[in-house]
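Visitor: Take a look at upload.txt, compact mmCIF, C-alpha atoms:
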# COMPACT_ATOMS: atom_id res chain seq x y z
CA MET A 130 -38.48 -42.36 0.04
CA THR A 131 -39.26 -43.91 -3.35
CA THR A 132 -37.53 -47.01 -4.66
CA GLU A 133 -35.89 -44.85 -7.27
CA GLU A 134 -34.49 -42.60 -4.56
CA SER A 135 -33.35 -45.37 -2.30
CA ARG A 136 -31.19 -46.66 -5.13
CA ARG A 137 -29.34 -43.40 -5.51
CA PRO A 138 -25.72 -43.53 -4.38
CA ILE A 139 -24.95 -41.81 -1.10
CA VAL A 140 -22.07 -39.40 -0.57
CA VAL A 141 -21.18 -38.67 3.05
CA CYS A 142 -19.44 -35.45 3.92
CA VAL A 143 -17.84 -34.76 7.30
CA ASP A 144 -16.30 -31.49 8.44
CA ASP A 145 -16.23 -29.80 11.84
CA GLN A 146 -17.33 -26.52 10.25
CA SER A 147 -21.02 -26.57 9.44
CA GLU A 148 -20.57 -23.72 6.93
CA VAL A 149 -18.39 -26.01 4.82
CA LEU A 150 -21.08 -28.68 4.92
CA SER A 151 -23.82 -26.24 3.92
CA ALA A 152 -21.75 -25.00 0.98
CA ILE A 153 -21.04 -28.53 -0.23
CA ARG A 154 -24.72 -29.44 0.06
CA ARG A 155 -25.50 -26.39 -2.09
CA ALA A 156 -22.87 -27.26 -4.67
CA LEU A 157 -24.12 -30.85 -4.94
CA ARG A 158 -27.85 -30.28 -4.65
CA ARG A 159 -28.61 -31.06 -8.27
CA GLU A 160 -26.25 -34.02 -8.51
CA PRO A 161 -27.58 -37.56 -9.12
CA TYR A 162 -26.80 -38.84 -5.63
CA GLU A 163 -27.81 -38.15 -2.06
CA VAL A 164 -25.58 -36.02 0.11
CA TRP A 165 -25.50 -36.72 3.84
CA THR A 166 -23.52 -34.34 6.02
CA THR A 167 -22.35 -34.44 9.62
CA ASN A 168 -20.01 -32.64 12.01
CA SER A 169 -19.18 -35.91 13.69
CA ALA A 170 -16.57 -38.31 12.37
CA ARG A 171 -18.10 -40.97 14.62
CA GLU A 172 -21.50 -40.57 12.99
CA ALA A 173 -19.94 -40.67 9.53
CA LEU A 174 -18.21 -43.90 10.45
CA ASP A 175 -21.52 -45.36 11.70
CA TRP A 176 -23.16 -44.48 8.38
CA VAL A 177 -20.29 -46.00 6.43
CA THR A 178 -20.60 -49.20 8.47
CA SER A 179 -24.37 -49.62 8.25
CA HIS A 180 -25.44 -48.03 4.94
CA GLY A 181 -23.81 -48.78 1.61
CA ILE A 182 -21.99 -45.47 1.27
CA SER A 183 -20.38 -44.81 -2.12
CA VAL A 184 -18.05 -41.98 -1.18
CA ILE A 185 -16.88 -40.31 2.00
CA ILE A 186 -15.41 -36.81 1.89
CA ALA A 187 -13.70 -35.67 5.07
CA ASP A 188 -11.83 -32.66 6.30
CA HIS A 189 -8.31 -33.48 7.47
CA ARG A 190 -7.99 -31.27 10.54
CA MET A 191 -10.92 -32.01 12.81
CA PRO A 192 -10.97 -31.79 16.60
CA GLU A 193 -12.21 -35.38 17.01
CA ILE A 194 -9.88 -37.18 14.66
CA LEU A 195 -7.52 -36.50 11.76
CA GLY A 196 -9.06 -37.12 8.36
CA ILE A 197 -6.33 -39.60 7.57
CA ALA A 198 -7.15 -41.70 10.66
CA LEU A 199 -10.84 -41.62 9.78
CA MET A 200 -10.01 -42.83 6.28
CA ALA A 201 -8.02 -45.74 7.63
CA ALA A 202 -11.05 -46.72 9.75
CA VAL A 203 -13.35 -46.39 6.74
CA ARG A 204 -11.06 -48.61 4.66
CA GLU A 205 -11.20 -51.19 7.43
CA ARG A 206 -14.99 -51.23 7.76
CA SER A 207 -16.09 -50.57 4.20
CA PRO A 208 -13.32 -51.07 1.64
CA ARG A 209 -15.67 -50.30 -1.27
CA THR A 210 -16.36 -46.75 -0.03
CA ALA A 211 -14.21 -44.29 -1.95
CA ARG A 212 -12.18 -42.02 0.34
CA VAL A 213 -11.70 -38.32 -0.41
CA VAL A 214 -9.88 -35.92 1.88
CA LEU A 215 -10.71 -32.23 1.68
CA THR A 216 -7.91 -30.19 3.17
CA GLY A 217 -6.91 -26.58 3.52
CA TYR A 218 -3.26 -27.57 3.47
CA PRO A 219 -2.48 -30.38 1.01
CA GLY A 220 1.26 -29.95 1.67
CA GLU A 221 0.88 -31.29 5.19
CA GLU A 222 3.39 -34.00 6.02
CA SER A 223 0.94 -36.67 7.21
CA ILE A 224 -1.12 -36.30 4.04
CA ARG A 225 1.85 -36.44 1.70
CA GLN A 226 3.02 -39.56 3.47
CA SER A 227 -0.34 -41.29 3.17
CA LEU A 228 -0.52 -40.50 -0.54
CA ASP A 229 2.96 -41.95 -0.98
CA ASP A 230 2.22 -45.08 1.02
CA ALA A 231 1.10 -48.15 -0.84
CA ASP A 232 -1.76 -48.72 1.62
CA ASP A 233 -3.39 -45.44 0.51
CA ALA A 234 -5.86 -44.58 3.28
CA ILE A 235 -6.50 -41.45 1.24
CA GLN A 236 -7.47 -42.20 -2.37
CA TYR A 237 -8.36 -38.69 -3.53
CA LEU A 238 -7.23 -35.32 -2.30
CA ILE A 239 -9.12 -32.10 -2.90
CA GLY A 240 -7.68 -28.82 -1.68
CA LYS A 241 -9.61 -26.03 0.00
CA PRO A 242 -10.68 -23.71 -1.48
CA TRP A 243 -12.15 -26.32 -3.79
CA SER A 244 -13.59 -25.79 -7.25
CA ASP A 245 -17.24 -26.84 -7.37
CA ASP A 246 -16.87 -28.13 -10.93
CA ALA A 247 -13.82 -30.21 -10.02
CA LEU A 248 -15.60 -31.56 -6.93
CA ARG A 249 -18.69 -32.56 -8.93
CA LEU A 250 -16.58 -34.09 -11.68
CA THR A 251 -14.46 -36.10 -9.25
CA LEU A 252 -17.53 -37.47 -7.47
CA ARG A 253 -19.29 -38.37 -10.71
CA GLU A 254 -16.21 -40.17 -11.99
CA ILE A 255 -15.81 -42.11 -8.76
CA ILE A 256 -19.45 -43.20 -8.75
CA GLU A 257 -19.33 -44.04 -12.46
CA ARG A 258 -16.29 -46.22 -11.90
CA GLN A 259 -18.02 -48.03 -9.03
CA ARG A 260 -20.95 -48.85 -11.33
CA THR A 261 -18.75 -50.45 -13.96
CA PRO A 262 -16.65 -53.01 -12.10
CA ALA A 263 -13.27 -53.60 -13.67
CA MET B 112 34.27 9.33 20.92
CA SER B 113 33.63 9.57 24.64
CA GLU B 114 33.35 6.43 26.71
CA ASN B 115 29.68 7.19 27.41
CA GLU B 116 28.97 7.63 23.73
CA ALA B 117 30.64 4.31 22.91
CA LEU B 118 28.67 2.57 25.63
CA ARG B 119 25.42 4.09 24.39
CA ARG B 120 26.18 2.95 20.84
CA ALA B 121 27.04 -0.54 21.99
CA GLU B 122 23.80 -0.74 23.96
CA ALA B 123 21.81 0.47 20.97
CA GLU B 124 23.49 -2.15 18.81
CA ILE B 125 22.68 -4.89 21.32
CA GLU B 126 19.07 -3.73 21.44
CA ARG B 127 18.90 -3.81 17.63
CA LEU B 128 20.30 -7.34 17.50
CA ASN B 129 17.86 -8.43 20.19
CA SER B 130 14.97 -7.02 18.20
CA GLU B 131 16.12 -8.96 15.16
CA LEU B 132 16.40 -12.12 17.21
CA LEU B 133 12.89 -11.60 18.55
CA GLN B 134 11.54 -11.03 15.07
CA GLY B 135 13.33 -14.13 13.80
CA GLN B 136 11.83 -16.21 16.58
CA LYS B 137 8.37 -14.89 15.69
CA LEU B 138 8.79 -15.92 12.08
CA GLN B 139 9.93 -19.34 13.27
CA THR B 140 6.69 -19.64 15.26
CA ILE B 141 4.67 -18.59 12.22
CA GLY B 142 6.49 -21.30 10.28
CA GLN B 143 5.31 -23.87 12.81
CA LEU B 144 1.77 -22.55 12.53
CA THR B 145 1.69 -22.33 8.73
CA ALA B 146 -0.38 -25.48 8.23
CA SER B 147 -3.08 -24.37 10.65
CA ILE B 148 -3.13 -20.74 9.48
CA VAL B 149 -3.42 -21.76 5.82
CA HIS B 150 -6.14 -24.25 6.73
CA GLU B 151 -7.93 -21.64 8.80
CA ILE B 152 -8.05 -19.27 5.83
CA ASN B 153 -8.76 -21.82 3.10
CA SER B 154 -11.79 -23.36 4.79
CA PRO B 155 -13.86 -20.17 4.87
CA LEU B 156 -12.50 -19.22 1.46
CA GLY B 157 -13.81 -22.55 0.16
CA TYR B 158 -17.35 -22.03 1.34
CA ILE B 159 -17.41 -18.34 0.45
CA LEU B 160 -16.51 -19.16 -3.18
CA THR B 161 -19.02 -22.00 -3.39
CA ASN B 162 -21.73 -19.84 -1.83
CA LEU B 163 -21.07 -17.02 -4.31
CA GLY B 164 -21.35 -19.47 -7.21
CA MET B 165 -24.61 -20.83 -5.82
CA LEU B 166 -25.98 -17.35 -5.11
CA ARG B 167 -25.47 -16.52 -8.77
CA GLU B 168 -27.58 -19.56 -9.69
CA TYR B 169 -30.23 -18.72 -7.10
CA LEU B 170 -30.40 -15.17 -8.43
CA ALA B 171 -30.99 -16.44 -11.98
CA GLU B 172 -33.82 -18.66 -10.69
CA LEU B 173 -35.37 -15.84 -8.67
CA LYS B 174 -35.20 -13.53 -11.69
CA ARG B 175 -37.09 -16.12 -13.70
CA ILE B 176 -39.85 -16.24 -11.07
CA LEU B 177 -39.99 -12.47 -10.95
CA SER B 178 -40.47 -12.32 -14.73
CA ALA B 179 -43.22 -14.93 -14.52
CA ALA B 180 -44.93 -12.93 -11.79
CA GLU B 181 -44.69 -9.72 -13.81
CA ALA B 182 -46.07 -11.44 -16.88
CA ALA B 183 -49.00 -12.77 -14.82
CA ILE B 184 -49.72 -9.30 -13.45
CA ASP B 185 -49.65 -7.82 -16.97
CA ARG B 186 -52.04 -10.43 -18.27
CA ALA B 187 -54.36 -9.93 -15.32
CA ALA B 188 -54.31 -6.16 -15.96
CA GLU B 189 -55.18 -6.81 -19.59
CA GLY B 190 -58.32 -8.61 -18.47
CA GLY B 191 -56.98 -12.15 -18.06
CA ASP B 192 -58.39 -14.65 -15.63
CA ALA B 193 -56.85 -13.34 -12.42
CA ALA B 194 -57.61 -16.47 -10.40
CA ALA B 195 -56.05 -18.75 -13.02
CA LEU B 196 -52.99 -16.52 -13.34
CA ARG B 197 -52.52 -16.51 -9.60
CA GLU B 198 -52.71 -20.30 -9.65
CA GLU B 199 -50.09 -20.41 -12.42
CA TYR B 200 -47.78 -18.09 -10.54
CA ARG B 201 -48.15 -20.22 -7.41
CA ARG B 202 -47.31 -23.33 -9.41
CA ILE B 203 -44.15 -21.77 -10.85
CA ARG B 204 -43.19 -20.51 -7.41
CA ALA B 205 -43.62 -23.94 -5.81
CA GLU B 206 -41.83 -25.75 -8.63
CA ALA B 207 -38.84 -23.45 -8.35
CA GLY B 208 -38.77 -23.93 -4.58
CA VAL B 209 -38.78 -20.21 -3.93
CA ASP B 210 -39.18 -20.62 -0.17
CA PHE B 211 -36.09 -22.81 -0.08
CA LEU B 212 -34.15 -20.46 -2.36
CA LEU B 213 -34.93 -17.42 -0.22
CA ALA B 214 -34.10 -19.15 3.05
CA ASP B 215 -30.92 -20.73 1.71
CA PHE B 216 -29.93 -17.49 0.01
CA ALA B 217 -30.03 -15.72 3.36
CA GLU B 218 -28.09 -18.52 5.05
CA ALA B 219 -25.42 -18.57 2.34
CA VAL B 220 -24.98 -14.80 2.61
CA GLU B 221 -24.73 -14.98 6.40
CA ASP B 222 -22.24 -17.90 6.33
CA SER B 223 -20.10 -16.08 3.78
CA ARG B 224 -20.14 -12.85 5.72
CA GLU B 225 -19.04 -14.72 8.84
CA GLY B 226 -16.35 -16.53 6.84
CA GLY B 227 -15.01 -13.23 5.55
CA GLU B 228 -15.01 -11.93 9.11
CA ARG B 229 -13.00 -14.94 10.23
CA ILE B 230 -10.41 -14.43 7.52
CA ARG B 231 -10.16 -10.79 8.51
CA GLU B 232 -9.56 -11.78 12.15
CA ILE B 233 -6.83 -14.25 11.18
CA VAL B 234 -5.06 -11.75 8.95
CA LYS B 235 -5.36 -9.11 11.67
CA SER B 236 -3.85 -11.44 14.27
CA LEU B 237 -1.05 -12.34 11.87
CA ARG B 238 -0.33 -8.70 11.23
CA GLU B 239 -0.34 -7.92 14.93
CA PHE B 240 1.87 -10.88 15.69
CA THR B 241 4.49 -10.12 13.05
CA HIS B 242 4.43 -6.41 13.80
CA VAL B 243 7.95 -5.20 14.53
CA ASP B 244 7.75 -3.31 17.78
CA ASP B 245 10.31 -1.46 19.82
CA GLY B 246 9.21 -3.05 23.07
CA HIS B 247 7.57 0.16 24.18
CA MET B 248 5.38 -0.45 27.21
CA VAL B 249 1.87 0.91 27.33
CA PRO B 250 -1.18 0.30 29.53
CA THR B 251 -2.77 -2.72 27.89
CA ASP B 252 -5.85 -4.90 28.08
CA LEU B 253 -3.89 -8.07 28.79
CA ASN B 254 -6.90 -10.38 28.37
CA ALA B 255 -7.43 -8.99 24.86
CA VAL B 256 -3.75 -9.63 24.07
CA ILE B 257 -4.22 -13.25 25.15
CA ASP B 258 -7.35 -13.57 23.00
CA GLY B 259 -5.28 -12.38 20.03
CA SER B 260 -2.61 -14.99 20.75
CA ILE B 261 -5.27 -17.69 21.01
CA ARG B 262 -6.66 -16.67 17.62
CA MET B 263 -3.17 -16.99 16.13
CA CYS B 264 -2.92 -20.64 17.06
CA ALA B 265 -6.64 -21.46 17.14
CA ASN B 266 -6.54 -24.31 14.69
CA GLU B 267 -3.25 -25.67 15.97
CA VAL B 268 -4.83 -25.90 19.42
CA ARG B 269 -8.38 -26.79 18.36
CA PHE B 270 -7.61 -30.15 16.89
CA LYS B 271 -5.32 -31.13 19.75
CA ALA B 272 -7.11 -29.81 22.79
CA THR B 273 -10.15 -28.20 24.31
CA LEU B 274 -9.14 -24.73 25.41
CA HIS B 275 -10.59 -23.25 28.60
CA ARG B 276 -10.24 -19.55 29.33
CA ASP B 277 -10.60 -18.18 32.81
CA TYR B 278 -9.80 -14.48 32.84
CA GLY B 279 -9.73 -12.40 35.96
CA VAL B 280 -10.64 -8.73 36.03
CA LEU B 281 -7.41 -6.83 35.38
CA PRO B 282 -6.68 -3.12 35.42
CA PRO B 283 -4.76 -1.82 32.37
CA VAL B 284 -1.45 -3.68 32.59
CA VAL B 285 1.75 -1.90 31.54
CA CYS B 286 3.51 -4.14 29.04
CA ALA B 287 4.83 -4.41 25.49
CA PRO B 288 1.66 -5.98 24.01
CA HIS B 289 3.20 -7.61 20.95
CA ARG B 290 6.04 -9.12 22.91
CA MET B 291 3.74 -10.41 25.61
CA GLY B 292 1.52 -11.82 22.85
CA GLN B 293 4.56 -13.63 21.48
CA VAL B 294 5.15 -15.20 24.90
CA ILE B 295 1.57 -16.50 25.07
CA VAL B 296 1.68 -17.88 21.52
CA ASN B 297 4.87 -19.76 22.38
CA LEU B 298 3.37 -21.19 25.56
CA LEU B 299 0.19 -22.23 23.73
CA VAL B 300 2.04 -23.88 20.85
CA ASN B 301 4.22 -25.75 23.33
CA ALA B 302 1.14 -26.84 25.29
CA ALA B 303 -0.54 -28.12 22.11
CA GLN B 304 2.62 -29.95 21.06
CA ALA B 305 2.90 -31.57 24.50
CA ILE B 306 -0.47 -33.21 23.94
CA GLU B 307 -0.20 -36.44 22.00
CA LYS B 308 -3.81 -37.08 21.04
CA LYS B 309 -6.49 -34.99 22.64
CA GLY B 310 -6.21 -33.00 25.82
CA GLU B 311 -7.09 -29.88 27.71
CA ILE B 312 -5.41 -26.49 27.86
CA HIS B 313 -6.33 -23.97 30.53
CA VAL B 314 -5.42 -20.32 30.17
CA SER B 315 -6.08 -18.04 33.10
CA THR B 316 -5.24 -14.51 34.19
CA ARG B 317 -5.34 -12.97 37.64
CA ALA B 318 -4.34 -9.83 39.42
CA ASP B 319 -2.27 -10.91 42.41
CA GLY B 320 -1.40 -7.87 44.50
CA GLU B 321 0.74 -5.68 42.28
CA GLU B 322 1.39 -8.46 39.79
CA ALA B 323 -0.37 -9.76 36.71
CA VAL B 324 -0.35 -13.56 36.58
CA ILE B 325 -0.90 -15.58 33.42
CA ARG B 326 -1.09 -19.36 33.62
CA VAL B 327 -1.01 -21.81 30.71
CA ARG B 328 -1.62 -25.40 31.77
CA ASP B 329 -1.82 -28.54 29.69
CA ASN B 330 -2.40 -32.20 30.51
CA GLY B 331 0.17 -33.36 27.98
CA VAL B 332 3.23 -35.53 28.33
CA GLY B 333 4.94 -33.35 30.95
CA MET B 334 8.68 -32.97 31.41
CA ALA B 335 11.37 -34.77 33.36
CA PRO B 336 13.26 -32.69 35.94
CA GLU B 337 16.43 -32.57 33.79
CA VAL B 338 14.41 -31.12 30.91
CA GLN B 339 12.76 -28.58 33.23
CA ARG B 340 16.16 -27.43 34.46
CA GLN B 341 17.30 -26.57 30.95
CA LEU B 342 14.04 -25.18 29.58
CA PHE B 343 15.10 -21.58 29.22
CA ARG B 344 18.59 -22.21 27.92
CA PRO B 345 19.12 -20.95 24.39
CA PHE B 346 19.08 -23.67 21.71
CA PHE B 347 17.82 -26.28 24.17
CA THR B 348 15.06 -28.26 22.48
CA THR B 349 13.40 -31.64 22.83
CA LYS B 350 11.69 -31.28 19.47
CA PRO B 351 12.88 -33.16 16.39
CA VAL B 352 15.27 -31.39 14.04
CA GLY B 353 13.45 -28.71 12.08
CA LYS B 354 10.54 -28.45 14.55
CA GLY B 355 11.97 -26.08 17.08
CA THR B 356 14.92 -23.76 17.33
CA GLY B 357 15.25 -24.03 21.07
CA LEU B 358 14.84 -20.28 21.25
CA GLY B 359 11.12 -20.06 22.01
CA LEU B 360 11.16 -20.34 25.79
CA HIS B 361 14.51 -18.60 26.01
CA MET B 362 13.01 -15.57 24.27
CA CYS B 363 9.86 -15.81 26.41
CA GLU B 364 11.92 -15.74 29.55
CA ARG B 365 13.89 -12.74 28.35
CA ILE B 366 10.75 -10.85 27.36
CA VAL B 367 9.15 -11.49 30.75
CA ARG B 368 12.37 -10.59 32.56
CA ALA B 369 12.49 -7.31 30.63
CA HIS B 370 9.03 -6.66 32.11
CA GLY B 371 10.51 -7.10 35.57
CA GLY B 372 8.87 -10.49 35.91
CA ARG B 373 9.58 -14.21 35.77
CA ILE B 374 8.27 -17.50 34.42
CA ASP B 375 7.73 -20.41 36.82
CA VAL B 376 7.27 -23.96 35.64
CA TRP B 377 5.49 -26.87 37.20
CA SER B 378 5.59 -30.16 35.37
CA GLN B 379 5.08 -33.84 36.03
CA PRO B 380 5.86 -36.51 33.44
CA GLY B 381 2.58 -38.06 32.28
CA GLN B 382 0.46 -35.37 33.93
CA GLY B 383 1.25 -32.18 32.10
CA SER B 384 2.86 -28.81 32.60
CA GLU B 385 1.95 -25.38 33.86
CA PHE B 386 3.79 -22.20 32.97
CA THR B 387 3.13 -19.19 35.18
CA VAL B 388 4.10 -15.74 33.95
CA ARG B 389 4.22 -13.00 36.61
CA PHE B 390 5.15 -9.37 36.19
CA PRO B 391 4.35 -6.07 37.87
CA MET B 392 1.18 -4.55 36.42
CA ARG B 393 2.58 -1.02 36.69
CA GLY B 394 5.62 -1.90 34.65
CA PRO B 395 9.18 -2.74 35.68
CA ALA B 396 10.79 -0.83 38.50
CA SER B 397 13.26 0.87 36.13
CA GLU B 398 12.35 4.36 34.98
CA LYS B 399 12.25 3.48 31.29
CA LYS B 400 9.01 1.89 30.13
CA THR B 401 10.60 -0.08 27.34
CA ALA B 402 11.00 -3.86 27.35
CA ARG B 403 14.74 -3.58 26.77
CA PHE B 404 16.71 -6.68 27.34
CA GLU B 405 19.21 -6.49 30.12
CA VAL B 406 22.73 -6.28 28.86
CA THR B 407 24.31 -7.55 32.03
CA ALA B 408 24.44 -11.26 32.74
CA HIS B 409 22.72 -12.70 35.79
CA PRO B 410 24.68 -15.73 36.86
CA GLY B 411 22.44 -18.47 38.10
CA ARG B 412 19.31 -17.19 36.39
CA PRO B 413 18.04 -19.62 33.79
CA GLY B 414 18.63 -18.55 30.24
CA SER B 415 21.16 -15.87 31.03
CA SER B 416 24.60 -15.97 29.53
CA GLY B 417 25.90 -16.74 32.99
CA ALA B 418 24.10 -20.08 33.20
CA PRO B 419 26.32 -23.12 33.08
CA SER B 420 26.25 -24.80 29.72
Write the structure described by the file as structure tokens, please.
Guide:
Amino acid sequence: MTTEESRRPIVVCVDDQSEVLSAIRRALRREPYEVWTTNSAREALDWVTSHGISVIIADHRMPEILGIALMAAVRERSPRTARVVLTGYPGEESIRQSLDDADDAIQYLIGKPWSDDALRLTLREIIERQRTPA
Amino acid sequence: MSENEALRRAEAEIERLNSELLQGQKLQTIGQLTASIVHEINSPLGYILTNLGMLREYLAELKRILSAAEAAIDRAAEGGDAAALREEYRRIRAEAGVDFLLADFAEAVEDSREGGERIREIVKSLREFTHVDDGHMVPTDLNAVIDGSIRMCANEVRFKATLHRDYGVLPPVVCAPHRMGQVIVNLLVNAAQAIEKKGEIHVSTRADGEEAVIRVRDNGVGMAPEVQRQLFRPFFTTKPVGKGTGLGLHMCERIVRAHGGRIDVWSQPGQGSEFTVRFPMRGPASEKKTARFEVTAHPGRPGSSGAPS
């Protein structure tokens, strides 16, 4: 890995369906950051804890853990990591509640089926904002 | 109108109302499953759409390589330096990552095809589940009916519990397949809802003498004896307002009773519950092979109009 590469931001994506992960890798393959994917929320949390991860994107309904619970854990361990939930049912009660709450475990919500352009734009904006501290 | 005619009309009317009630209960179940069904469809839809967009890009890249290859062949045919042209083609091919494109192209197509298949299965299960049937009993592959019910609530169950299936070998079982499917969906949804975080659900079938036996067991919160006693009473529910109508198990019990069978319950607070459905595999003893609800009350039987309220 070159120095140039090691400085690239890292986006972690976690979903229990590997087809979703493959598709997101495809959609983001030319983007100016690295994309790490995993089926395991636990592994994603390990990455977030030990590597400076810029953004985590997680499915909401996973067998191991709800996306919202994972996001709360991420906020705890790495507050600077931006938290995006990808969900097939944005109307779900628990998600609406979290978005309403002041403690916002979920910062961004993207619905499935997602638009690749919107996904890329959201991620670029998040990373851009992280580079220029307020 | 003769007395017999009046009685027949009244029975027909009761049967019609029962059918409506059953259909209403089904729609209520669908309502509870909406989040998981929508999720289950939108996930594959998400990756199918992304894959199609990417395949379009891959195709454009592959076309470019193809043109370069054709141009190289033309130049070689016109007396160009074949070795140099081959080198150039190889360079373009490597730069474009053709090997990756071809491999990933195939994977994206396969993923998308599987995703489409999954959506088809979900829609098929939904259609089967909401199908209005007259309760007509036919020889049925009961294990397949249970698989259909499991598909209906796959995502609801998946993120709450690990589901274990243990099917016995069954002869064709005479039953009203859609209604029996409705019973299983209800039992599965209840099992998933009884689990607070993450648990196990076991579904098994057996042939026991002349009877078919279906068991749905969970290791959820379980039920106190006073709850168990009232389980099959209409409008009895322990769920918060808006989550359950209290008709699910009542309807299940009536459907199974119309098959000449019964539902037994074992439950222990903190350990879980097991619902056992038993009914004669050759159909109910009555001559009519239709899962008609009994009009007469059975005092003392749970869920009947004769039960104390």
Visitor: Could you list, as a PDB file with C-alpha atoms, keeping the file's coordinate frame, every residue of chain A that has an atom within 9 Å of an atom of chain B, counting all atoms listed in the file?
Guide:
ATOM      1  CA  GLN A 146     -17.330 -26.520  10.250  1.00  0.00           C
ATOM      2  CA  GLU A 148     -20.570 -23.720   6.930  1.00  0.00           C
ATOM      3  CA  VAL A 149     -18.390 -26.010   4.820  1.00  0.00           C
ATOM      4  CA  LEU A 150     -21.080 -28.680   4.920  1.00  0.00           C
ATOM      5  CA  SER A 151     -23.820 -26.240   3.920  1.00  0.00           C
ATOM      6  CA  ALA A 152     -21.750 -25.000   0.980  1.00  0.00           C
ATOM      7  CA  ILE A 153     -21.040 -28.530  -0.230  1.00  0.00           C
ATOM      8  CA  ARG A 155     -25.500 -26.390  -2.090  1.00  0.00           C
ATOM      9  CA  ALA A 156     -22.870 -27.260  -4.670  1.00  0.00           C
ATOM     10  CA  ARG A 190      -7.990 -31.270  10.540  1.00  0.00           C
ATOM     11  CA  MET A 191     -10.920 -32.010  12.810  1.00  0.00           C
ATOM     12  CA  PRO A 192     -10.970 -31.790  16.600  1.00  0.00           C
ATOM     13  CA  GLU A 193     -12.210 -35.380  17.010  1.00  0.00           C
ATOM     14  CA  ILE A 194      -9.880 -37.180  14.660  1.00  0.00           C
ATOM     15  CA  LEU A 195      -7.520 -36.500  11.760  1.00  0.00           C
ATOM     16  CA  THR A 216      -7.910 -30.190   3.170  1.00  0.00           C
ATOM     17  CA  GLY A 217      -6.910 -26.580   3.520  1.00  0.00           C
ATOM     18  CA  TYR A 218      -3.260 -27.570   3.470  1.00  0.00           C
ATOM     19  CA  PRO A 219      -2.480 -30.380   1.010  1.00  0.00           C
ATOM     20  CA  GLY A 220       1.260 -29.950   1.670  1.00  0.00           C
ATOM     21  CA  GLU A 221       0.880 -31.290   5.190  1.00  0.00           C
ATOM     22  CA  GLY A 240      -7.680 -28.820  -1.680  1.00  0.00           C
ATOM     23  CA  LYS A 241      -9.610 -26.030   0.000  1.00  0.00           C
ATOM     24  CA  PRO A 242     -10.680 -23.710  -1.480  1.00  0.00           C
ATOM     25  CA  TRP A 243     -12.150 -26.320  -3.790  1.00  0.00           C
ATOM     26  CA  SER A 244     -13.590 -25.790  -7.250  1.00  0.00           C
ATOM     27  CA  ASP A 245     -17.240 -26.840  -7.370  1.00  0.00           C
TER      28      ASP A 245
END
Visitor: Within 12 Å of Val327 (chain B), counting all atoms listed in the file, which residues qualify if same-chain residues fewer than 3 places away don't, as a ChimeraX atom specification?
Guide: /B:257,261,274-278,294-303,311-316,324,330-331,374-378,383-389
Visitor: So, with all atoms listed in the file as the atoms that count, which of B:Ala188, B:Glu172, B:Asn254, B:Glu232 lies closest to Pro283 (chain B)?
Guide: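 Among the listed residues, B:Asn254 lies closest to Pro283 (chain B).
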Visitor: Quote the spacing between CA of His289 (chain B) and CA of Leu144 (chain B) in Å to one decimal place.
Guide: 17.2 Å
Visitor: So how many Å separate CA of His361 (chain B) and CA of Gly292 (chain B), to one decimal?
Guide: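 Computing it gives 15.0 Å between the two atoms.
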Visitor: Quick one: residues within 12 Å of region 226-230 of chain A, all atoms listed in the file counted, chain neighbours fewer than 4 positions away excluded, as a ChimeraX atom specification?
Guide: /A:189,196-198,200-201,212-214,219-222,234-238
Visitor: Grab the CA of Gly190 (chain B) to CA of Arg175 (chain B) distance for me, in Å with one decimal place.
Guide: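 Computing it gives 23.0 Å between the two atoms.
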Visitor: So which residues touch Glu172 (chain A) within 12 Å, counting all atoms listed in the file, skipping near sequence neighbours fewer than 3 positions away, as a list in words?
Guide: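 After dropping sequence-adjacent residues, the list is Val141, Cys142, Val143, Asp144, Trp165, Thr166, Thr167, Asn168, Ser169, Asp175, Trp176, Val177, Thr178, Ser179, His180, Ile185, Glu193, Leu199 and Val203 of chain A.
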Visitor: To box region 235-250 of chain A, take all atoms listed in the file, fit an axis-aligned box, add 5 Å on each side, and give centre and edge lengths in Å to one decimal, as lines of an AutoDock Vina configuration file.
Guide:
center_x = -12.6
center_y = -33.0
center_z = -5.2
size_x = 22.2
size_y = 28.5
size_z = 22.9
Visitor: Which one is closest to Arg260 (chain A): A:Pro138, A:Ala247, A:Ile182, A:Arg204? Count all atoms listed in the file.
Guide: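 Of the candidates, the smallest distance to Arg260 (chain A) is held by A:Pro138.
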Visitor: Taking the point (-0.9, -12.3, 15.8) as given in the file, collect each protein or nucleic acid residue that comes within 9 Å of it, counting only C-alpha atoms, and present the set as a list of chain:residue names.
Guide: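 Checking each residue against the 9 Å limit leaves B:Ile233, B:Val234, B:Lys235, B:Ser236, B:Leu237, B:Arg238, B:Glu239, B:Phe240, B:Thr241, B:His242, B:Gly259, B:Ser260, B:Ile261, B:Arg262, B:Met263, B:Cys264, B:His289, B:Gly292, B:Gln293, B:Val296.
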